[in-house]
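A short worksheet on the structure shown next.
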Amino acid sequence: MISIQRASQLKAKPDFHQLGFGQFFTDHLFQVEYSADLGWHRPQIIPYQNFQIDPGAAVLHYGQALFEGMKAFRQKSGDIVLFRPEYNCHRLQQGAARLCMQAPPKDLMLEGIRKLVEVEKDWVPSQKGCSLYIRPTLIGTEAFLGVRPSEKYLFYVILSPVSSYYKEGLNPISIFVEEYFVRAAPGGLGSTKAGANYASSLLAALEAKKKGYAQVLWLDVNHQHIEEVGTMNVFFQIGNEIITPSLDGTILAGGVRDCVIEILKDWGFSVSQRKLKVDEVFSALKSGELREAFGTGTAAVISPIGKLHYKGQDWTLNDQKIGPLAQRLYDEITALQTGEAPDSRGWLSKVLS
């Protein structure tokens with residue numbers, strides 16, 4: 001049973017037409033604790049507040065931190081729905097196993113998320129292109145010094161009303177092909193949504209932004225094969241083939257990636273999940289066979305790529321305009337999320353009517 005303690009004073013809500021991404025937080029959060037002797041206990045929704053955490057907590061010293069990214073949408077009917085929440089709960093459990101962490105049972109995660117969104121229903125935007133971003137997070141909280149898994153954990157969920165992830169919105173972004181830094185290595189944490197993955201990506205992304213690029217295109221440890229674009233999975237349409245890098249342990253399996261593959265196959269496209277050399281992409285670009293490139297992820301949904309910088313040269317794609325395939329995919333997914341199209345695939349989970 002989840003207890004609910006409502007905030008005595010509510011925050012002034014931001015202008016939902018000027019949200020940006022991740023700048024505002026709602027009035028409440030969900031949390032539940034784990035200890036080896038009690039298991040998961042004290043599930044509660046409480047006013048949004050700072051945590052008290054021991055300076056020796058495992059998360060601060062040994063990086064036991066894992067998170068997810070989900071969204072709730074207010075549909076045209078007024079219903080509030082979650083988009084594929086089971087997928088995210090399953091992925092968090094898989095990531096927790098890799099980091100030797102205790103993850104809450106799926107039913108507990110889902111119940112906490114649903115209850116919190118229900119409490120914060122007035123924070124779910126109805127404006128086009130907006131949603132309520134959901135950030136479930138798992139951290140090790142036991143205080144000790146010594147390299148071993150924590151025996152205490154905190155799982156919590158915070159909410160943030162958002163619009164586009166990139167300032168460019170659905171306009172194509174410029175990408176710097178990273179030839180020195182590496183995001184992930186075989187046997188590492190690349191396939192988990194661990195906080196450490198994002199920490200290791202910051203320097204390359206910062207350097208790219210200084211040069212005028214929105215993000216980086218990550219290559220493998222040998223700087224030969226494409227892996228991800230920024231924090232997103234990536235797709236390339238070369239001729240009649242649509243290619244996305246195969247999940248070989250260094251790439252996060254994205255929920256939107258999964259949706260895009262299913263939709264494309266339903267539409268009759270040839271979709272390949274395989275290793276893709278960066279040289280193959282630029283050969284196709286030079287020959288005119290590269291028709292489109294785009295990233296996929298929860299935050300941006302579809303993010304078209306309009307420019308690639310590689311080996312000291314800028315290359316433009318599709319006249320730096322969104323391609324027809326990226327536009328069609330974006331329209332398909334967002335129409336489903338907002339209730340403008342029927343949920344024929346069973347991807348939505350209703351919170352409130």
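Ligands are numbered from 1 in the order shown, chains are lettered A, B, ... in the order of the structure tokens, and residues start at 1 in each chain.
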Write out, as a tab-separated table, each residue of segment 193-280 of chain A that has an atom at most 9 Å from segment 291-300 of chain A, together with the closest pair of atoms and their distance in Å to one decimal, counting only C-alpha atoms, rows going by chain and rising number.
residue	atom	partner	partner_atom	distance
A:Glu228	CA	A:Gly295	CA	8.2
A:Val229	CA	A:Gly295	CA	6.4
A:Gly230	CA	A:Gly295	CA	8.5
A:Thr231	CA	A:Gly297	CA	7.6
A:Met232	CA	A:Gly297	CA	5.2
A:Asn233	CA	A:Thr296	CA	5.3
A:Val234	CA	A:Gly295	CA	4.3
A:Phe235	CA	A:Phe294	CA	5.5
A:Phe236	CA	A:Ala293	CA	4.4
A:Gln237	CA	A:Glu292	CA	5.1
A:Ile238	CA	A:Arg291	CA	5.9
A:Gly239	CA	A:Arg291	CA	6.8
A:Asn240	CA	A:Arg291	CA	8.9
A:Gly254	CA	A:Gly297	CA	6.5
A:Gly255	CA	A:Gly297	CA	7.2
A:Val256	CA	A:Gly297	CA	5.4
A:Arg257	CA	A:Thr296	CA	5.9
A:Val260	CA	A:Thr296	CA	8.1
Generate a file of the selected residues that holds C-alpha atoms, formatted as a CSV table (one decimal), in the first residue's frame.
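Resulting contents of again_31.csv:
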chain,number,residue,atom,x,y,z
A,228,GLU,CA,24.9,5.6,-31.1
A,229,VAL,CA,24.2,9.2,-31.8
A,230,GLY,CA,24.4,11.3,-28.6
A,231,THR,CA,22.1,9.5,-26.2
A,232,MET,CA,20.0,8.0,-29.0
A,233,ASN,CA,19.9,5.0,-31.2
A,234,VAL,CA,20.6,5.8,-34.8
A,235,PHE,CA,19.2,4.7,-38.2
A,236,PHE,CA,20.5,5.2,-41.7
A,237,GLN,CA,18.5,4.7,-45.0
A,238,ILE,CA,21.0,3.6,-47.7
A,239,GLY,CA,19.2,2.9,-50.9
A,240,ASN,CA,16.2,0.8,-50.0
A,254,GLY,CA,16.0,1.8,-26.8
A,255,GLY,CA,12.2,1.5,-26.6
A,256,VAL,CA,11.6,3.9,-29.5
A,257,ARG,CA,14.2,2.0,-31.5
A,260,VAL,CA,10.6,2.1,-35.1
Q: From a DSSP pass on the backbone, collect the residues of segment 41-165 of chain A flagged as alpha helix (DSSP H) and hand them back as an MDAnalysis selection string.
A: chainID A and resid 58:62 85:98 106:119
For Gly339 of chain A: contacts at 6 Å, only C-alpha atoms, fewer than 2 positions along chain excluded, given as a PDB file with C-alpha atoms, in the first residue's frame:
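Result went into result_22.pdb, see below:
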ATOM      1  CA  GLN A  75      -4.511  12.670 -25.136  1.00  0.00           C
ATOM      2  CA  LYS A  76      -7.012  14.706 -27.107  1.00  0.00           C
ATOM      3  CA  ALA A 335      -0.269  10.506 -33.170  1.00  0.00           C
ATOM      4  CA  LEU A 336      -0.510   7.295 -31.182  1.00  0.00           C
ATOM      5  CA  GLN A 337       0.796   8.962 -28.008  1.00  0.00           C
ATOM      6  CA  ALA A 341      -4.476   7.473 -33.970  1.00  0.00           C
TER       7      ALA A 341
END
Can I get the residues of segment 113-195 of chain A within 12 Å of segment 265-283 of chain A, each with the closest pair of atoms and their distance in Å to one decimal, using only C-alpha atoms, sorted chain first then ascending number, as CSV?
residue,atom,partner,partner_atom,distance
A:Val177,CA,A:Val278,CA,9.0
A:Glu178,CA,A:Val278,CA,10.8
A:Glu179,CA,A:Val278,CA,10.6
(Q) With distances taken over only C-alpha atoms, which residue among A:Val301, A:Leu19, A:Cys89, A:Ala284 lies nearest Val124 of chain A? (A)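 Of A:Val301, A:Leu19, A:Cys89, A:Ala284, the one nearest Val124 of chain A, counting only C-alpha atoms, is A:Leu19.
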Q) Suppose you want the space between atom CA of Leu352 of chain A and atom CA of Tyr48 of chain A; what is it in Å? A)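 Between atom CA of Leu352 of chain A and atom CA of Tyr48 of chain A the gap is 21.9 Å.
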(Q) List as a PyMOL selection string the protein and nucleic acid residues near Tyr330 of chain A, meaning an atom at most 9 Å away when only C-alpha atoms are counted, but skip any in the same chain fewer than 6 places from it. (A) chain A and resi 170+301-303
Output for the residues just chosen: N, CA and C atoms as a PDB file, in the first residue's frame:
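Written out: result-v2.pdb:
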ATOM      1  N   LEU A 170      12.183  19.530 -34.247  1.00  0.00           N
ATOM      2  CA  LEU A 170      12.211  18.489 -35.265  1.00  0.00           C
ATOM      3  C   LEU A 170      13.078  18.885 -36.465  1.00  0.00           C
ATOM      4  N   VAL A 301      12.092  11.487 -29.431  1.00  0.00           N
ATOM      5  CA  VAL A 301      11.283  10.608 -30.291  1.00  0.00           C
ATOM      6  C   VAL A 301      12.062  10.335 -31.584  1.00  0.00           C
ATOM      7  N   ILE A 302      12.002  11.260 -32.540  1.00  0.00           N
ATOM      8  CA  ILE A 302      12.773  11.160 -33.774  1.00  0.00           C
ATOM      9  C   ILE A 302      13.564  12.457 -33.929  1.00  0.00           C
ATOM     10  N   SER A 303      14.870  12.336 -34.172  1.00  0.00           N
ATOM     11  CA  SER A 303      15.702  13.521 -34.343  1.00  0.00           C
ATOM     12  C   SER A 303      16.498  13.389 -35.645  1.00  0.00           C
TER      13      SER A 303
END
Q: Could you please determine the separation between atom CA of Lys128 of chain A and atom CA of Thr26 of chain A in Å, to one decimal place?
A: 19.6 Å
Q: Identify all residues of segment 24-149 of chain A in strand (DSSP E) (DSSP on the backbone) and supply them as a PyMOL selection string.
A: chain A and resi 28-35+39-47+65-67+70-74+80-83+131-140
Could you take the residues named above and write them with C-alpha atoms, as a PDB file, in the first residue's frame?
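Okay, this is what ended up in out00.pdb:
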ATOM      1  CA  HIS A  28       5.753  15.254  -5.394  1.00  0.00           C
ATOM      2  CA  LEU A  29       7.984  12.218  -5.834  1.00  0.00           C
ATOM      3  CA  PHE A  30       7.620   8.484  -5.264  1.00  0.00           C
ATOM      4  CA  GLN A  31      10.161   6.546  -3.233  1.00  0.00           C
ATOM      5  CA  VAL A  32      10.621   3.071  -1.773  1.00  0.00           C
ATOM      6  CA  GLU A  33      13.576   1.658   0.164  1.00  0.00           C
ATOM      7  CA  TYR A  34      15.364  -1.684   0.170  1.00  0.00           C
ATOM      8  CA  SER A  35      17.473  -3.374   2.830  1.00  0.00           C
ATOM      9  CA  GLY A  39      13.335  -6.183   1.428  1.00  0.00           C
ATOM     10  CA  TRP A  40      11.416  -3.410  -0.353  1.00  0.00           C
ATOM     11  CA  HIS A  41       9.482  -1.396   2.192  1.00  0.00           C
ATOM     12  CA  ARG A  42       7.850   1.984   2.918  1.00  0.00           C
ATOM     13  CA  PRO A  43       6.524   2.871  -0.552  1.00  0.00           C
ATOM     14  CA  GLN A  44       5.342   6.460  -0.376  1.00  0.00           C
ATOM     15  CA  ILE A  45       4.540   9.576  -2.343  1.00  0.00           C
ATOM     16  CA  ILE A  46       5.921  12.622  -0.575  1.00  0.00           C
ATOM     17  CA  PRO A  47       6.458  16.318  -1.348  1.00  0.00           C
ATOM     18  CA  ALA A  65      23.259   4.473 -10.070  1.00  0.00           C
ATOM     19  CA  LEU A  66      20.764   3.517 -12.754  1.00  0.00           C
ATOM     20  CA  PHE A  67      17.819   5.353 -14.275  1.00  0.00           C
ATOM     21  CA  MET A  70       9.551   7.421 -19.766  1.00  0.00           C
ATOM     22  CA  LYS A  71       6.685   9.720 -20.684  1.00  0.00           C
ATOM     23  CA  ALA A  72       3.043  10.320 -19.828  1.00  0.00           C
ATOM     24  CA  PHE A  73       0.778  12.014 -22.365  1.00  0.00           C
ATOM     25  CA  ARG A  74      -2.515  13.855 -22.163  1.00  0.00           C
ATOM     26  CA  ILE A  80      -3.610  10.355 -19.474  1.00  0.00           C
ATOM     27  CA  VAL A  81      -1.538   7.441 -20.767  1.00  0.00           C
ATOM     28  CA  LEU A  82       1.926   5.962 -20.312  1.00  0.00           C
ATOM     29  CA  PHE A  83       3.907   4.836 -23.349  1.00  0.00           C
ATOM     30  CA  SER A 131       4.571  15.554 -22.304  1.00  0.00           C
ATOM     31  CA  LEU A 132       5.322  14.675 -18.687  1.00  0.00           C
ATOM     32  CA  TYR A 133       8.777  13.124 -18.544  1.00  0.00           C
ATOM     33  CA  ILE A 134       9.178  10.370 -15.936  1.00  0.00           C
ATOM     34  CA  ARG A 135      12.578   9.633 -14.383  1.00  0.00           C
ATOM     35  CA  PRO A 136      12.702   6.412 -12.313  1.00  0.00           C
ATOM     36  CA  THR A 137      16.068   6.152 -10.544  1.00  0.00           C
ATOM     37  CA  LEU A 138      17.802   3.455  -8.488  1.00  0.00           C
ATOM     38  CA  ILE A 139      20.802   4.209  -6.235  1.00  0.00           C
ATOM     39  CA  GLY A 140      22.893   2.323  -3.688  1.00  0.00           C
TER      40      GLY A 140
END
Q: Within 12 Å of Ala199 of chain A, counting only C-alpha atoms, which residues show up once you throw out same-chain ones fewer than 2 positions away? Write them as number ranges by chain, please.
A: A: 63, 65, 182-184, 189, 193-197, 201-206, 231
Next, dump the selected residues to file, keeping only C-alpha atoms, as a PDB file, in the first residue's frame.
ATOM      1  CA  GLY A  63      28.685   4.608  -8.973  1.00  0.00           C
ATOM      2  CA  ALA A  65      23.259   4.473 -10.070  1.00  0.00           C
ATOM      3  CA  VAL A 182      34.800   6.056 -26.722  1.00  0.00           C
ATOM      4  CA  ARG A 183      31.384   5.749 -25.120  1.00  0.00           C
ATOM      5  CA  ALA A 184      31.464   2.018 -24.328  1.00  0.00           C
ATOM      6  CA  LEU A 189      28.122  -0.906 -19.302  1.00  0.00           C
ATOM      7  CA  LYS A 193      21.226   3.004 -18.593  1.00  0.00           C
ATOM      8  CA  ALA A 194      23.825   3.526 -15.883  1.00  0.00           C
ATOM      9  CA  GLY A 195      24.737   7.009 -14.744  1.00  0.00           C
ATOM     10  CA  ALA A 196      28.391   6.180 -15.487  1.00  0.00           C
ATOM     11  CA  ASN A 197      27.604   5.899 -19.217  1.00  0.00           C
ATOM     12  CA  SER A 201      29.995  10.966 -22.644  1.00  0.00           C
ATOM     13  CA  LEU A 202      30.039  14.527 -21.310  1.00  0.00           C
ATOM     14  CA  LEU A 203      33.482  15.672 -22.432  1.00  0.00           C
ATOM     15  CA  ALA A 204      33.070  14.623 -26.065  1.00  0.00           C
ATOM     16  CA  ALA A 205      29.613  16.199 -26.216  1.00  0.00           C
ATOM     17  CA  LEU A 206      30.907  19.424 -24.661  1.00  0.00           C
ATOM     18  CA  THR A 231      22.096   9.520 -26.172  1.00  0.00           C
TER      19      THR A 231
END
Q) atom CA of Gly346 of chain A and atom CA of Arg328 of chain A, how far apart in Å? A)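 Computing the Euclidean distance for atom CA of Arg328 of chain A and atom CA of Gly346 of chain A yields 19.8 Å.
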Q: Rank nothing, just name the residue among A:Ser174, A:Thr338, A:Ser246, A:Ser163 nearest to Leu308 of chain A, using only C-alpha atoms.
A: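 So, comparing all the options, the nearest one is A:Ser174.
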Q.
Measuring between only C-alpha atoms, which one of A:Val119, A:Leu145, A:Leu154, A:Leu329 shows the shortest distance to Ala7 of chain A?
A.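 Closest to Ala7 of chain A of all the choices is A:Val119.
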